[in-house]
Every structure is written in structure tokens, then in C-alpha cells.
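Engineer: Handing over upload22.csv, CSV, C-alpha atoms.
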```
chain,number,residue,atom,x,y,z
A,1,MET,CA,33.0,66.8,-15.1
A,2,SER,CA,29.2,66.7,-15.3
A,3,PHE,CA,27.6,68.5,-18.2
A,4,LEU,CA,24.2,69.0,-16.6
A,5,ALA,CA,24.2,69.3,-12.8
A,6,ILE,CA,21.1,69.8,-10.5
A,7,LYS,CA,22.2,70.6,-7.0
A,8,ASN,CA,20.1,70.8,-3.8
A,9,LEU,CA,17.1,71.9,-5.9
A,10,TYR,CA,13.8,72.8,-4.1
A,11,LYS,CA,10.6,74.0,-5.8
A,12,SER,CA,7.5,75.0,-4.0
A,13,TYR,CA,4.1,76.5,-5.0
A,14,GLY,CA,3.4,78.8,-2.0
A,15,THR,CA,3.8,76.6,1.0
A,16,VAL,CA,3.3,73.4,-0.9
A,17,PRO,CA,6.7,71.6,-1.7
A,18,VAL,CA,6.8,70.0,-5.1
A,19,LEU,CA,10.5,69.1,-5.4
A,20,ARG,CA,12.7,68.5,-2.4
A,21,ASP,CA,16.5,68.5,-2.4
A,22,ILE,CA,17.1,67.0,-5.9
A,23,ASN,CA,20.7,66.2,-6.7
A,24,ILE,CA,21.4,64.8,-10.2
A,25,GLU,CA,24.4,65.0,-12.5
A,26,ILE,CA,24.7,63.7,-16.1
A,27,GLU,CA,27.7,63.7,-18.4
A,28,GLU,CA,27.8,65.3,-21.8
A,29,GLY,CA,26.0,63.1,-24.4
A,30,GLY,CA,24.2,61.3,-21.6
A,31,PHE,CA,20.5,60.3,-21.8
A,32,LEU,CA,18.8,61.1,-18.4
A,33,VAL,CA,15.3,59.8,-17.9
A,34,LEU,CA,13.1,61.2,-15.2
A,35,VAL,CA,10.5,58.5,-14.3
A,36,GLY,CA,7.8,58.2,-11.7
A,37,PRO,CA,4.0,58.1,-11.2
A,38,SER,CA,1.8,61.0,-12.1
A,39,GLY,CA,2.2,63.9,-9.8
A,40,CYS,CA,5.7,62.9,-8.7
A,41,GLY,CA,7.3,66.2,-9.9
A,42,LYS,CA,9.2,64.9,-13.0
A,43,SER,CA,7.6,67.4,-15.5
A,44,THR,CA,8.1,70.2,-13.0
A,45,LEU,CA,11.8,69.3,-12.7
A,46,LEU,CA,12.1,69.3,-16.5
A,47,ASN,CA,10.4,72.8,-16.6
A,48,THR,CA,12.9,74.2,-14.1
A,49,ILE,CA,15.7,73.0,-16.4
A,50,ALA,CA,14.0,74.7,-19.3
A,51,GLY,CA,13.4,77.9,-17.4
A,52,LEU,CA,9.6,77.6,-17.7
A,53,GLU,CA,9.4,77.3,-13.9
A,54,PRO,CA,11.5,79.3,-11.4
A,55,ILE,CA,13.2,77.3,-8.7
A,56,THR,CA,12.7,78.1,-5.0
A,57,SER,CA,16.4,77.3,-4.1
A,58,GLY,CA,19.3,75.3,-5.3
A,59,GLU,CA,21.3,75.4,-8.6
A,60,ILE,CA,21.1,74.2,-12.2
A,61,LEU,CA,24.3,74.2,-14.1
A,62,ILE,CA,24.7,73.5,-17.9
A,63,ASN,CA,28.3,73.0,-19.1
A,64,GLY,CA,29.5,74.4,-15.8
A,65,LYS,CA,27.5,77.6,-16.0
A,66,SER,CA,24.5,78.5,-13.7
A,67,VAL,CA,21.3,79.0,-15.7
A,68,ALA,CA,19.3,80.1,-12.6
A,69,GLY,CA,17.3,83.2,-13.5
A,70,LEU,CA,18.1,83.0,-17.3
A,71,HIS,CA,15.2,83.3,-19.7
A,72,PRO,CA,14.5,80.0,-21.6
A,73,SER,CA,15.8,81.6,-24.8
A,74,GLN,CA,19.2,82.1,-23.2
A,75,ARG,CA,19.7,78.6,-21.9
A,76,ASP,CA,20.5,77.0,-25.3
A,77,ILE,CA,18.0,74.2,-24.8
A,78,ALA,CA,15.3,72.7,-27.1
A,79,MET,CA,12.1,71.1,-25.9
A,80,VAL,CA,9.8,68.5,-27.4
A,81,PHE,CA,6.3,68.4,-25.8
A,82,GLN,CA,3.7,65.7,-25.3
A,83,SER,CA,1.4,67.6,-27.7
A,84,TYR,CA,3.2,68.2,-31.0
A,85,ALA,CA,2.3,72.0,-30.9
A,86,LEU,CA,2.7,72.3,-34.7
A,87,TYR,CA,1.5,75.3,-36.6
A,88,PRO,CA,-1.5,73.8,-38.7
A,89,ASN,CA,-1.2,76.5,-41.5
A,90,MET,CA,2.5,75.8,-42.1
A,91,THR,CA,4.1,73.0,-44.0
A,92,VAL,CA,6.5,70.5,-42.4
A,93,ALA,CA,9.4,72.6,-43.7
A,94,GLY,CA,7.9,75.8,-42.3
A,95,ASN,CA,7.3,74.2,-38.9
A,96,ILE,CA,10.9,73.0,-38.7
A,97,GLY,CA,12.4,76.2,-39.9
A,98,PHE,CA,10.1,78.7,-38.1
A,99,GLY,CA,12.4,79.3,-35.2
A,100,MET,CA,15.4,80.0,-37.4
A,101,GLU,CA,13.3,82.4,-39.5
A,102,ILE,CA,12.3,84.3,-36.3
A,103,ARG,CA,16.0,84.6,-35.4
A,104,GLY,CA,16.9,86.0,-38.8
A,105,VAL,CA,18.8,83.0,-40.1
A,106,PRO,CA,19.4,83.5,-43.9
A,107,LYS,CA,17.1,81.5,-46.2
A,108,ALA,CA,19.8,79.4,-47.8
A,109,GLU,CA,21.2,78.4,-44.4
A,110,ARG,CA,17.6,77.6,-43.1
A,111,GLU,CA,16.9,75.3,-46.1
A,112,LYS,CA,20.2,73.5,-45.7
A,113,ALA,CA,19.5,72.8,-42.0
A,114,ILE,CA,15.9,71.8,-42.7
A,115,LYS,CA,17.0,69.3,-45.4
A,116,SER,CA,19.7,67.9,-43.1
A,117,VAL,CA,17.3,67.3,-40.2
A,118,ALA,CA,14.6,65.9,-42.4
A,119,GLU,CA,17.1,63.3,-43.8
A,120,THR,CA,18.1,62.4,-40.2
A,121,LEU,CA,14.5,61.9,-39.2
A,122,GLN,CA,13.5,60.3,-42.6
A,123,ILE,CA,10.8,62.8,-43.3
A,124,GLY,CA,12.4,64.5,-46.4
A,125,HIS,CA,9.4,63.4,-48.5
A,126,LEU,CA,7.0,65.1,-46.2
A,127,LEU,CA,8.4,68.7,-46.2
A,128,ASP,CA,5.6,70.1,-48.4
A,129,ARG,CA,2.8,68.6,-46.4
A,130,LYS,CA,0.6,70.2,-43.6
A,131,PRO,CA,0.4,68.6,-40.1
A,132,SER,CA,-3.2,67.5,-40.8
A,133,GLN,CA,-1.9,65.2,-43.6
A,134,LEU,CA,0.5,63.4,-41.2
A,135,SER,CA,0.2,60.4,-38.9
A,136,GLY,CA,0.9,60.8,-35.2
A,137,GLY,CA,4.4,59.3,-35.6
A,138,GLN,CA,5.2,61.7,-38.5
A,139,ARG,CA,4.0,64.7,-36.4
A,140,GLN,CA,6.2,63.7,-33.6
A,141,ARG,CA,9.2,63.5,-36.0
A,142,VAL,CA,8.4,67.0,-37.1
A,143,ALA,CA,8.3,68.2,-33.5
A,144,MET,CA,11.6,66.6,-33.0
A,145,GLY,CA,13.0,68.1,-36.1
A,146,ARG,CA,12.0,71.6,-34.9
A,147,ALA,CA,14.1,71.0,-31.8
A,148,LEU,CA,17.0,69.3,-33.7
A,149,VAL,CA,17.5,72.1,-36.2
A,150,ARG,CA,18.6,74.4,-33.4
A,151,ASP,CA,21.5,72.2,-32.4
A,152,PRO,CA,21.1,73.0,-28.7
A,153,GLN,CA,23.3,72.0,-25.8
A,154,VAL,CA,20.5,70.0,-24.2
A,155,PHE,CA,17.3,68.4,-25.5
A,156,LEU,CA,14.3,68.2,-23.2
A,157,PHE,CA,11.5,65.7,-24.0
A,158,ASP,CA,8.3,65.8,-22.0
A,159,GLU,CA,6.4,62.5,-22.5
A,160,PRO,CA,6.8,62.8,-26.3
A,161,LEU,CA,5.3,59.3,-27.0
A,162,SER,CA,2.3,59.2,-24.7
A,163,ASN,CA,-0.2,60.2,-27.5
A,164,LEU,CA,0.9,57.3,-29.8
A,165,ASP,CA,-0.5,53.8,-30.0
A,166,ALA,CA,1.5,50.9,-28.5
A,167,LYS,CA,3.3,49.7,-31.6
A,168,LEU,CA,4.2,53.2,-32.7
A,169,ARG,CA,5.6,54.0,-29.3
A,170,VAL,CA,8.0,51.1,-29.7
A,171,ASP,CA,9.0,52.2,-33.2
A,172,MET,CA,9.5,55.8,-32.1
A,173,ARG,CA,11.5,54.6,-29.0
A,174,THR,CA,13.9,52.9,-31.3
A,175,GLU,CA,14.1,56.0,-33.5
A,176,ILE,CA,14.9,58.2,-30.5
A,177,LYS,CA,17.6,55.7,-29.3
A,178,ARG,CA,19.1,55.6,-32.8
A,179,LEU,CA,19.0,59.4,-33.0
A,180,HIS,CA,20.8,59.8,-29.7
A,181,HIS,CA,23.5,57.3,-30.7
A,182,ARG,CA,24.1,59.3,-33.9
A,183,LEU,CA,24.0,62.8,-32.5
A,184,LYS,CA,25.5,62.2,-29.0
A,185,THR,CA,23.6,65.2,-27.6
A,186,THR,CA,22.6,65.5,-23.9
A,187,ILE,CA,19.0,64.5,-23.5
A,188,VAL,CA,16.6,64.8,-20.5
A,189,TYR,CA,13.5,62.8,-21.0
A,190,VAL,CA,10.3,62.6,-18.9
A,191,THR,CA,8.1,59.5,-18.9
A,192,HIS,CA,5.9,57.5,-16.6
A,193,ASP,CA,6.6,54.4,-18.6
A,194,GLN,CA,9.3,52.4,-16.9
A,195,ILE,CA,10.0,50.3,-20.1
A,196,GLU,CA,10.8,53.6,-21.9
A,197,ALA,CA,13.1,54.5,-19.1
A,198,MET,CA,15.0,51.2,-19.1
A,199,THR,CA,15.4,51.0,-22.8
A,200,LEU,CA,16.4,54.7,-23.5
A,201,ALA,CA,18.4,55.9,-20.5
A,202,THR,CA,22.1,55.9,-19.7
A,203,LYS,CA,21.0,57.2,-16.2
A,204,ILE,CA,17.6,57.0,-14.6
A,205,ALA,CA,16.2,59.3,-11.8
A,206,VAL,CA,13.2,57.7,-10.0
A,207,LEU,CA,10.9,60.3,-8.3
A,208,LYS,CA,8.1,59.9,-5.9
A,209,ASP,CA,6.2,62.8,-4.2
A,210,GLY,CA,8.9,65.2,-5.2
A,211,VAL,CA,11.7,63.2,-3.6
A,212,LEU,CA,14.5,61.5,-5.6
A,213,GLN,CA,14.2,57.8,-4.7
A,214,GLN,CA,17.2,56.5,-6.6
A,215,PHE,CA,19.6,57.7,-9.3
A,216,GLY,CA,21.8,55.3,-11.3
A,217,THR,CA,22.2,53.3,-14.5
A,218,PRO,CA,19.3,51.1,-15.7
A,219,ALA,CA,21.1,48.0,-14.4
A,220,GLU,CA,21.6,49.5,-11.0
A,221,ILE,CA,18.0,50.6,-10.7
A,222,TYR,CA,16.6,47.3,-11.9
A,223,ASN,CA,19.0,44.9,-10.1
A,224,SER,CA,19.7,46.8,-6.9
A,225,PRO,CA,16.7,49.0,-6.1
A,226,ALA,CA,17.3,51.3,-3.2
A,227,ASN,CA,13.9,50.8,-1.7
A,228,MET,CA,10.6,48.9,-2.1
A,229,PHE,CA,9.0,51.7,-4.1
A,230,VAL,CA,11.7,51.5,-6.8
A,231,ALA,CA,11.6,47.7,-6.7
A,232,ASP,CA,7.9,47.7,-7.3
A,233,PHE,CA,7.8,50.5,-9.8
A,234,MET,CA,10.6,49.4,-12.2
A,235,GLY,CA,9.9,46.2,-14.0
A,236,SER,CA,7.1,44.5,-15.9
A,237,PRO,CA,5.8,42.3,-14.3
A,238,ALA,CA,6.8,44.0,-11.1
A,239,MET,CA,9.2,42.4,-8.6
A,240,ASN,CA,7.6,39.9,-6.2
A,241,LEU,CA,7.8,41.5,-2.7
A,242,LEU,CA,7.1,38.9,0.0
A,243,THR,CA,7.0,38.9,3.8
A,244,ALA,CA,9.7,36.3,5.0
A,245,ARG,CA,11.6,35.4,8.1
A,246,ILE,CA,15.4,35.1,8.5
A,247,ASP,CA,16.4,31.9,10.3
A,248,ASP,CA,19.9,30.7,11.4
A,249,GLY,CA,20.5,26.9,11.5
A,250,PRO,CA,23.4,24.4,11.2
A,251,SER,CA,23.8,25.2,7.5
A,252,GLY,CA,23.7,29.0,8.0
A,253,LEU,CA,21.2,31.7,7.3
A,254,SER,CA,17.9,30.9,5.4
A,255,VAL,CA,14.9,32.8,4.3
A,256,SER,CA,11.6,31.2,5.3
A,257,LEU,CA,8.4,31.8,3.2
A,258,ASP,CA,5.0,30.7,4.4
A,259,ARG,CA,3.0,28.4,2.0
A,260,PRO,CA,-0.8,28.1,2.2
A,261,HIS,CA,-0.4,24.3,2.0
A,262,GLY,CA,2.4,22.6,3.9
A,263,GLU,CA,5.5,23.6,5.8
A,264,PRO,CA,7.2,27.0,5.1
A,265,LEU,CA,9.6,27.0,2.2
A,266,ALA,CA,13.2,27.5,3.5
A,267,LEU,CA,15.8,28.9,1.0
A,268,PRO,CA,19.5,29.1,1.9
A,269,VAL,CA,21.1,32.5,2.0
A,270,LYS,CA,24.7,32.4,1.1
A,271,SER,CA,25.8,35.6,-0.5
A,272,VAL,CA,22.7,37.3,-1.8
A,273,ASN,CA,23.8,40.6,-3.4
A,274,GLY,CA,26.3,41.0,-0.6
A,275,ALA,CA,23.6,41.3,2.0
A,276,SER,CA,24.1,38.1,3.9
A,277,SER,CA,26.3,39.6,6.6
A,278,LYS,CA,23.7,42.4,7.3
A,279,LEU,CA,20.9,39.9,7.2
A,280,ALA,CA,22.4,38.1,10.2
A,281,ALA,CA,21.2,41.1,12.3
A,282,TYR,CA,17.6,40.2,11.3
A,283,THR,CA,17.8,36.6,12.5
A,284,GLY,CA,14.4,35.6,13.9
A,285,GLN,CA,12.8,38.7,12.4
A,286,GLN,CA,10.6,39.5,9.4
A,287,VAL,CA,12.1,41.0,6.3
A,288,ILE,CA,10.7,41.7,2.8
A,289,PHE,CA,12.1,39.3,0.3
A,290,GLY,CA,12.3,40.6,-3.3
A,291,ILE,CA,12.7,38.4,-6.4
A,292,ARG,CA,11.9,39.3,-10.0
A,293,PRO,CA,9.7,36.9,-12.1
A,294,GLU,CA,12.6,36.0,-14.4
A,295,ALA,CA,14.7,34.9,-11.4
A,296,LEU,CA,11.9,32.4,-10.4
A,297,THR,CA,11.5,29.8,-13.1
A,298,ASP,CA,11.3,26.1,-13.9
A,299,PRO,CA,14.4,24.2,-12.9
A,300,ASP,CA,15.4,23.5,-16.5
A,301,GLY,CA,15.2,27.1,-17.3
A,302,ALA,CA,17.3,28.3,-14.4
A,303,ASP,CA,20.5,30.4,-15.1
A,304,ARG,CA,23.4,27.9,-15.3
A,305,LYS,CA,25.8,30.7,-14.3
A,306,ALA,CA,24.1,31.5,-11.1
A,307,HIS,CA,26.1,30.8,-7.9
A,308,SER,CA,23.1,30.2,-5.7
A,309,VAL,CA,19.9,28.5,-7.1
A,310,ALA,CA,17.5,26.8,-4.7
A,311,GLU,CA,14.4,24.8,-5.6
A,312,GLY,CA,11.1,24.6,-3.8
A,313,GLU,CA,7.8,23.0,-4.4
A,314,CYS,CA,4.9,25.4,-5.0
A,315,LEU,CA,1.2,25.0,-5.8
A,316,ILE,CA,0.4,26.5,-9.2
A,317,GLU,CA,-2.8,28.5,-9.1
A,318,VAL,CA,-2.8,30.2,-12.5
A,319,VAL,CA,-1.0,29.6,-15.8
A,320,GLU,CA,-0.7,32.4,-18.4
A,321,PRO,CA,0.9,31.4,-21.7
A,322,ALA,CA,2.4,34.6,-23.3
A,323,GLY,CA,4.1,33.4,-26.5
A,324,SER,CA,7.8,33.5,-25.7
A,325,ASP,CA,7.2,32.9,-22.0
A,326,THR,CA,4.7,31.2,-19.7
A,327,PHE,CA,3.8,33.0,-16.5
A,328,ALA,CA,2.7,30.9,-13.5
A,329,VAL,CA,1.1,32.3,-10.3
A,330,THR,CA,1.6,30.7,-6.9
A,331,ASN,CA,1.3,31.8,-3.3
A,332,LEU,CA,4.2,32.5,-0.9
A,333,GLY,CA,4.4,34.7,2.1
A,334,GLY,CA,0.7,35.4,2.0
A,335,LYS,CA,0.9,37.0,-1.5
A,336,GLU,CA,0.5,36.0,-5.1
A,337,VAL,CA,3.9,35.3,-6.7
A,338,VAL,CA,4.6,35.5,-10.5
A,339,ALA,CA,7.2,33.1,-12.0
A,340,ARG,CA,8.4,33.5,-15.5
A,341,LEU,CA,8.9,30.1,-17.1
A,342,ARG,CA,10.0,28.8,-20.5
A,343,ALA,CA,7.3,28.8,-23.2
A,344,ASP,CA,7.2,25.0,-23.3
A,345,ALA,CA,7.4,24.5,-19.6
A,346,ASN,CA,5.2,21.5,-18.6
A,347,ILE,CA,3.1,23.0,-15.9
A,348,GLU,CA,-0.6,22.9,-15.0
A,349,VAL,CA,-3.1,24.6,-12.7
A,350,GLY,CA,-3.6,22.7,-9.4
A,351,GLN,CA,-0.3,20.8,-9.6
A,352,LYS,CA,2.6,21.1,-7.2
A,353,ALA,CA,5.7,22.0,-9.2
A,354,LYS,CA,9.3,22.6,-8.4
A,355,LEU,CA,10.4,26.2,-9.0
A,356,ALA,CA,14.0,27.4,-9.1
A,357,PHE,CA,14.9,30.6,-7.1
A,358,ASN,CA,17.9,32.4,-8.5
A,359,LEU,CA,19.1,33.9,-5.2
A,360,ASP,CA,21.9,35.8,-6.9
A,361,LYS,CA,19.1,38.1,-8.1
A,362,ALA,CA,17.2,38.3,-4.7
A,363,VAL,CA,17.1,41.5,-2.6
A,364,PHE,CA,15.9,42.1,0.9
A,365,PHE,CA,14.2,45.1,2.4
A,366,ASP,CA,13.7,46.3,6.0
A,367,PRO,CA,9.8,46.2,6.5
A,368,LYS,CA,9.8,49.4,8.6
A,369,SER,CA,12.1,51.7,6.6
A,370,GLN,CA,11.4,49.9,3.3
A,371,LEU,CA,15.1,50.4,2.4
A,372,ARG,CA,17.2,47.7,0.9
A,373,ILE,CA,19.4,45.6,3.3
A,374,GLY,CA,23.0,45.5,2.1
```
Show this structure as C-alpha cells.

Structural biologist:
Amino acid sequence: MSFLAIKNLYKSYGTVPVLRDINIEIEEGGFLVLVGPSGCGKSTLLNTIAGLEPITSGEILINGKSVAGLHPSQRDIAMVFQSYALYPNMTVAGNIGFGMEIRGVPKAEREKAIKSVAETLQIGHLLDRKPSQLSGGQRQRVAMGRALVRDPQVFLFDEPLSNLDAKLRVDMRTEIKRLHHRLKTTIVYVTHDQIEAMTLATKIAVLKDGVLQQFGTPAEIYNSPANMFVADFMGSPAMNLLTARIDDGPSGLSVSLDRPHGEPLALPVKSVNGASSKLAAYTGQQVIFGIRPEALTDPDGADRKAHSVAEGECLIEVVEPAGSDTFAVTNLGGKEVVARLRADANIEVGQKAKLAFNLDKAVFFDPKSQLRIG
């Protein structure tokens, strides 16, 4: 049974629809990440769960009970905002325990809870300091502590790391992951950062223009994107999406990619993500061929466990050493294509080099509907 269920949810501001027919379910202890570009409706959806925004229609259930119409204080949730929203005149201990004080929790019980949460977040040595004396990461821990001390049914995080620098974001991401593993509390987390989504989530909901594009595990979202938007949005670097043609010859189906110099590159299609039977219907037609940079590499770096790897010669236009990897840019299907090679790959600008295509990882999309084929 799902612990948090959002069913047929619509939200409008006047005549302007913001969320349209959202259906999401997450198990108890799950980590749901709402991800999408700015203005897609993810923060609005989080606010409807919190009770900060009324819904137009639909249902929100927490632990099997509808919370529609309930005041935020009656929903047993705790929220961590993008801005830390700490009281500057209070100490760290005062900020963490203020909610309990308002609710009349006895002092001894408050102090015990504050100490426990501070130890969990490793801020016990900061309890007597004011927010102005803390770093950004420490302030975010205090904001999290204020939520944790309530021991709610659901934690809601609204882009909590967006104000931190890049390194601190990574560190705090690890802390949040460790915290979730330890507490096993249900979390709903909003971000526009797809790396955060992939690393933190047990389930991801990808939103665009108020519509749920795909809901699934990080592996499902990454390896089997439902449409071209999800394929392009999730992943860094993004998936290569190329115009191609499906041909049928003596050896079976193949995907043909135009090259600026020479004949088109033909790659055999055996059983690509279970789509080969459906691809037959596109014989002689154009499709969108999707392959991630790590599935396009130098032959020596190709996945030895892959069932279908094809090689093709490509003109290298740009080489970008990146420490642990080398990225190479070529041109196929009229677009720039990024390949992810080994750090010591012997490759130079202007040369024609063989690249290995791991077709086990390839996906195909209908160019009109933009939906995945297969």
C-alpha cells in the first residue's frame, strides 16, 4: 500500500492550469524527487502536499487518509525551504526547539530532542551560536534539524541546496542521503538539478508545463525515457538525439545516420531495448535515435557485457579532456554528437576514428509524437 498517494490532481490559478492530472504514489520510507525546469509546477505540487496551496480537484492521501482541506498544521508534515528561514535573534538550539516550545512541549523533553537531532546532523557544537555565525551548510543543517525534531510522517524539501556552492551541494547531498538511510522517513524533494534527482531518489517524477512526463526509478528514467523531453533533460551530458532512418536489408533492420563526409553510417538493430519489432513499422522512415555519451566510446572502452556493439568511423571535431574521461565531439544525423571515451584514449581533432556504439543502451523515438518506440 502506498504511503503518499496523489490521485488525479489538478491545480489552476483562475483559468490558468498549473498542474494537470498528476498521479503519483510512493511507499513508506521512500524518497520521491520532483524534478523539471523552472515553471514546470514542481514547487506548486509540493505546496499542495503541504497544504500551503489548495487543490482545484483530485486527492492527496497520507497513510491512507485524505488531507484535502486540512490545515498544514494538521497534516503531520515538516518542510525545509530554499531560504533557511532561521530566526536571527535565536541560537541554533532555540531555532530547532522553537516549534516544540510553541506547542507546549516540556523543557526537558525539548532539550533531549534538540540534543538528539543535533547529534544526528553533527551540529551539537553549534547549539549556542546565532545563525549569523554559521556557514551556509551549517544553516541548512539547522533548518533540517528544525524539521527533524518534529518527527513528522512526511518531510518536504523545496530546493534546499540551491543557495550553496557546488562543493557544498555535493557534501549536503551525501548528508541528506545518509540521513534518509538512517531515519527511513518518507521524503518529497523538489529540485531542478537532475544530478540531485538521480543520486537521492528512490522514485523520480519528471514534470513539464504542469504535466507528469514520467514516473519511475532513477534507472527507469535514465535508461528508458518515456519521451524526448525526459531523455534530453535527465543526464549530464544530455543524451544524443539524432535524426536517423530505419532500413531493412539482407541482414535485417539497421539504423542509418548521415555523416557530413562520406556515406551514411549504418548500425545493425538486433534487439534494442525490446524495440526492434516495433521499429519494423518505421522501415524507410525517419526516427529519432537516442544514445547516451557513455554508450558511445572508443572500441577498447566498450562494455564487454553488451550484446550488441557496432563500430563506425567518425570525424572528430572537438576533443575535451575532463580528467577521468575524455569527451569527443563528432557530427552524425546533422547534429553534434558527444562521445565519452577513456581518459587515455588516443584521439585527435581532425582525425577519423572508430567509435563503438553500445546499441543495448540505444532508444528510439517517434519524431512526431516524441514518444519512445517500444

Engineer: Could you jot down the atom CA of Phe364 of chain A to atom CA of Arg304 of chain A separation for me, Å, one decimal place?

Structural biologist: 22.8 Å

Engineer: Using atom CA of Val33 of chain A and atom CA of Thr191 of chain A as the two end points, give the distance in Å to one decimal.

Structural biologist: 7.3 Å

Engineer: Near segment 56-70 of chain A, counting all atoms listed in the file, which residues have an atom at most 12 Å away, once you skip same-chain residues fewer than 5 positions from it, shown as a ChimeraX atom specification?

Structural biologist: /A:1-29,45-51,75-77,152-155,186

Engineer: Could you write those residues out with C-alpha atoms, as a PDB file, keeping the file's coordinate frame?

Structural biologist:
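Ended up saving to out.pdb:
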```pdb
ATOM      1  CA  MET A   1      33.000  66.800 -15.100  1.00  0.00           C
ATOM      2  CA  SER A   2      29.200  66.700 -15.300  1.00  0.00           C
ATOM      3  CA  PHE A   3      27.600  68.500 -18.200  1.00  0.00           C
ATOM      4  CA  LEU A   4      24.200  69.000 -16.600  1.00  0.00           C
ATOM      5  CA  ALA A   5      24.200  69.300 -12.800  1.00  0.00           C
ATOM      6  CA  ILE A   6      21.100  69.800 -10.500  1.00  0.00           C
ATOM      7  CA  LYS A   7      22.200  70.600  -7.000  1.00  0.00           C
ATOM      8  CA  ASN A   8      20.100  70.800  -3.800  1.00  0.00           C
ATOM      9  CA  LEU A   9      17.100  71.900  -5.900  1.00  0.00           C
ATOM     10  CA  TYR A  10      13.800  72.800  -4.100  1.00  0.00           C
ATOM     11  CA  LYS A  11      10.600  74.000  -5.800  1.00  0.00           C
ATOM     12  CA  SER A  12       7.500  75.000  -4.000  1.00  0.00           C
ATOM     13  CA  TYR A  13       4.100  76.500  -5.000  1.00  0.00           C
ATOM     14  CA  GLY A  14       3.400  78.800  -2.000  1.00  0.00           C
ATOM     15  CA  THR A  15       3.800  76.600   1.000  1.00  0.00           C
ATOM     16  CA  VAL A  16       3.300  73.400  -0.900  1.00  0.00           C
ATOM     17  CA  PRO A  17       6.700  71.600  -1.700  1.00  0.00           C
ATOM     18  CA  VAL A  18       6.800  70.000  -5.100  1.00  0.00           C
ATOM     19  CA  LEU A  19      10.500  69.100  -5.400  1.00  0.00           C
ATOM     20  CA  ARG A  20      12.700  68.500  -2.400  1.00  0.00           C
ATOM     21  CA  ASP A  21      16.500  68.500  -2.400  1.00  0.00           C
ATOM     22  CA  ILE A  22      17.100  67.000  -5.900  1.00  0.00           C
ATOM     23  CA  ASN A  23      20.700  66.200  -6.700  1.00  0.00           C
ATOM     24  CA  ILE A  24      21.400  64.800 -10.200  1.00  0.00           C
ATOM     25  CA  GLU A  25      24.400  65.000 -12.500  1.00  0.00           C
ATOM     26  CA  ILE A  26      24.700  63.700 -16.100  1.00  0.00           C
ATOM     27  CA  GLU A  27      27.700  63.700 -18.400  1.00  0.00           C
ATOM     28  CA  GLU A  28      27.800  65.300 -21.800  1.00  0.00           C
ATOM     29  CA  GLY A  29      26.000  63.100 -24.400  1.00  0.00           C
ATOM     30  CA  LEU A  45      11.800  69.300 -12.700  1.00  0.00           C
ATOM     31  CA  LEU A  46      12.100  69.300 -16.500  1.00  0.00           C
ATOM     32  CA  ASN A  47      10.400  72.800 -16.600  1.00  0.00           C
ATOM     33  CA  THR A  48      12.900  74.200 -14.100  1.00  0.00           C
ATOM     34  CA  ILE A  49      15.700  73.000 -16.400  1.00  0.00           C
ATOM     35  CA  ALA A  50      14.000  74.700 -19.300  1.00  0.00           C
ATOM     36  CA  GLY A  51      13.400  77.900 -17.400  1.00  0.00           C
ATOM     37  CA  ARG A  75      19.700  78.600 -21.900  1.00  0.00           C
ATOM     38  CA  ASP A  76      20.500  77.000 -25.300  1.00  0.00           C
ATOM     39  CA  ILE A  77      18.000  74.200 -24.800  1.00  0.00           C
ATOM     40  CA  PRO A 152      21.100  73.000 -28.700  1.00  0.00           C
ATOM     41  CA  GLN A 153      23.300  72.000 -25.800  1.00  0.00           C
ATOM     42  CA  VAL A 154      20.500  70.000 -24.200  1.00  0.00           C
ATOM     43  CA  PHE A 155      17.300  68.400 -25.500  1.00  0.00           C
ATOM     44  CA  THR A 186      22.600  65.500 -23.900  1.00  0.00           C
TER      45      THR A 186
END
```

Engineer: When distances are computed from all atoms listed in the file, which of A:Arg129, A:Gly30, A:Arg259, A:Met234 shows the smallest separation from His181 of chain A?

Structural biologist: A:Gly30

Engineer: Using Å and a single decimal, report how far atom CA of Ala205 of chain A sits from atom CA of Glu53 of chain A.

Structural biologist: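 Distance reported for this atom pair: 19.4 Å.
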
Engineer: Which residues are near segment 201-204 of chain A? Cut-off 10 Å, only C-alpha atoms, ignore same chain within fewer than 2 positions. Put them as an mmCIF file with C-alpha atoms, in the coordinates of the input.

Structural biologist:
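Heads up, here's the output in selection07.cif:
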```
data_model
loop_
_atom_site.group_PDB
_atom_site.id
_atom_site.type_symbol
_atom_site.label_atom_id
_atom_site.label_comp_id
_atom_site.auth_asym_id
_atom_site.auth_seq_id
_atom_site.Cartn_x
_atom_site.Cartn_y
_atom_site.Cartn_z
ATOM 1 C CA ILE A 24 21.400 64.800 -10.200
ATOM 2 C CA GLU A 25 24.400 65.000 -12.500
ATOM 3 C CA ILE A 26 24.700 63.700 -16.100
ATOM 4 C CA GLU A 27 27.700 63.700 -18.400
ATOM 5 C CA GLY A 29 26.000 63.100 -24.400
ATOM 6 C CA GLY A 30 24.200 61.300 -21.600
ATOM 7 C CA PHE A 31 20.500 60.300 -21.800
ATOM 8 C CA LEU A 32 18.800 61.100 -18.400
ATOM 9 C CA VAL A 33 15.300 59.800 -17.900
ATOM 10 C CA LEU A 34 13.100 61.200 -15.200
ATOM 11 C CA VAL A 35 10.500 58.500 -14.300
ATOM 12 C CA LYS A 177 17.600 55.700 -29.300
ATOM 13 C CA ILE A 187 19.000 64.500 -23.500
ATOM 14 C CA VAL A 188 16.600 64.800 -20.500
ATOM 15 C CA TYR A 189 13.500 62.800 -21.000
ATOM 16 C CA GLN A 194 9.300 52.400 -16.900
ATOM 17 C CA GLU A 196 10.800 53.600 -21.900
ATOM 18 C CA ALA A 197 13.100 54.500 -19.100
ATOM 19 C CA MET A 198 15.000 51.200 -19.100
ATOM 20 C CA THR A 199 15.400 51.000 -22.800
ATOM 21 C CA VAL A 206 13.200 57.700 -10.000
ATOM 22 C CA LEU A 207 10.900 60.300 -8.300
ATOM 23 C CA GLN A 214 17.200 56.500 -6.600
ATOM 24 C CA PHE A 215 19.600 57.700 -9.300
ATOM 25 C CA GLY A 216 21.800 55.300 -11.300
ATOM 26 C CA THR A 217 22.200 53.300 -14.500
ATOM 27 C CA PRO A 218 19.300 51.100 -15.700
ATOM 28 C CA ALA A 219 21.100 48.000 -14.400
ATOM 29 C CA GLU A 220 21.600 49.500 -11.000
ATOM 30 C CA ILE A 221 18.000 50.600 -10.700
#
```
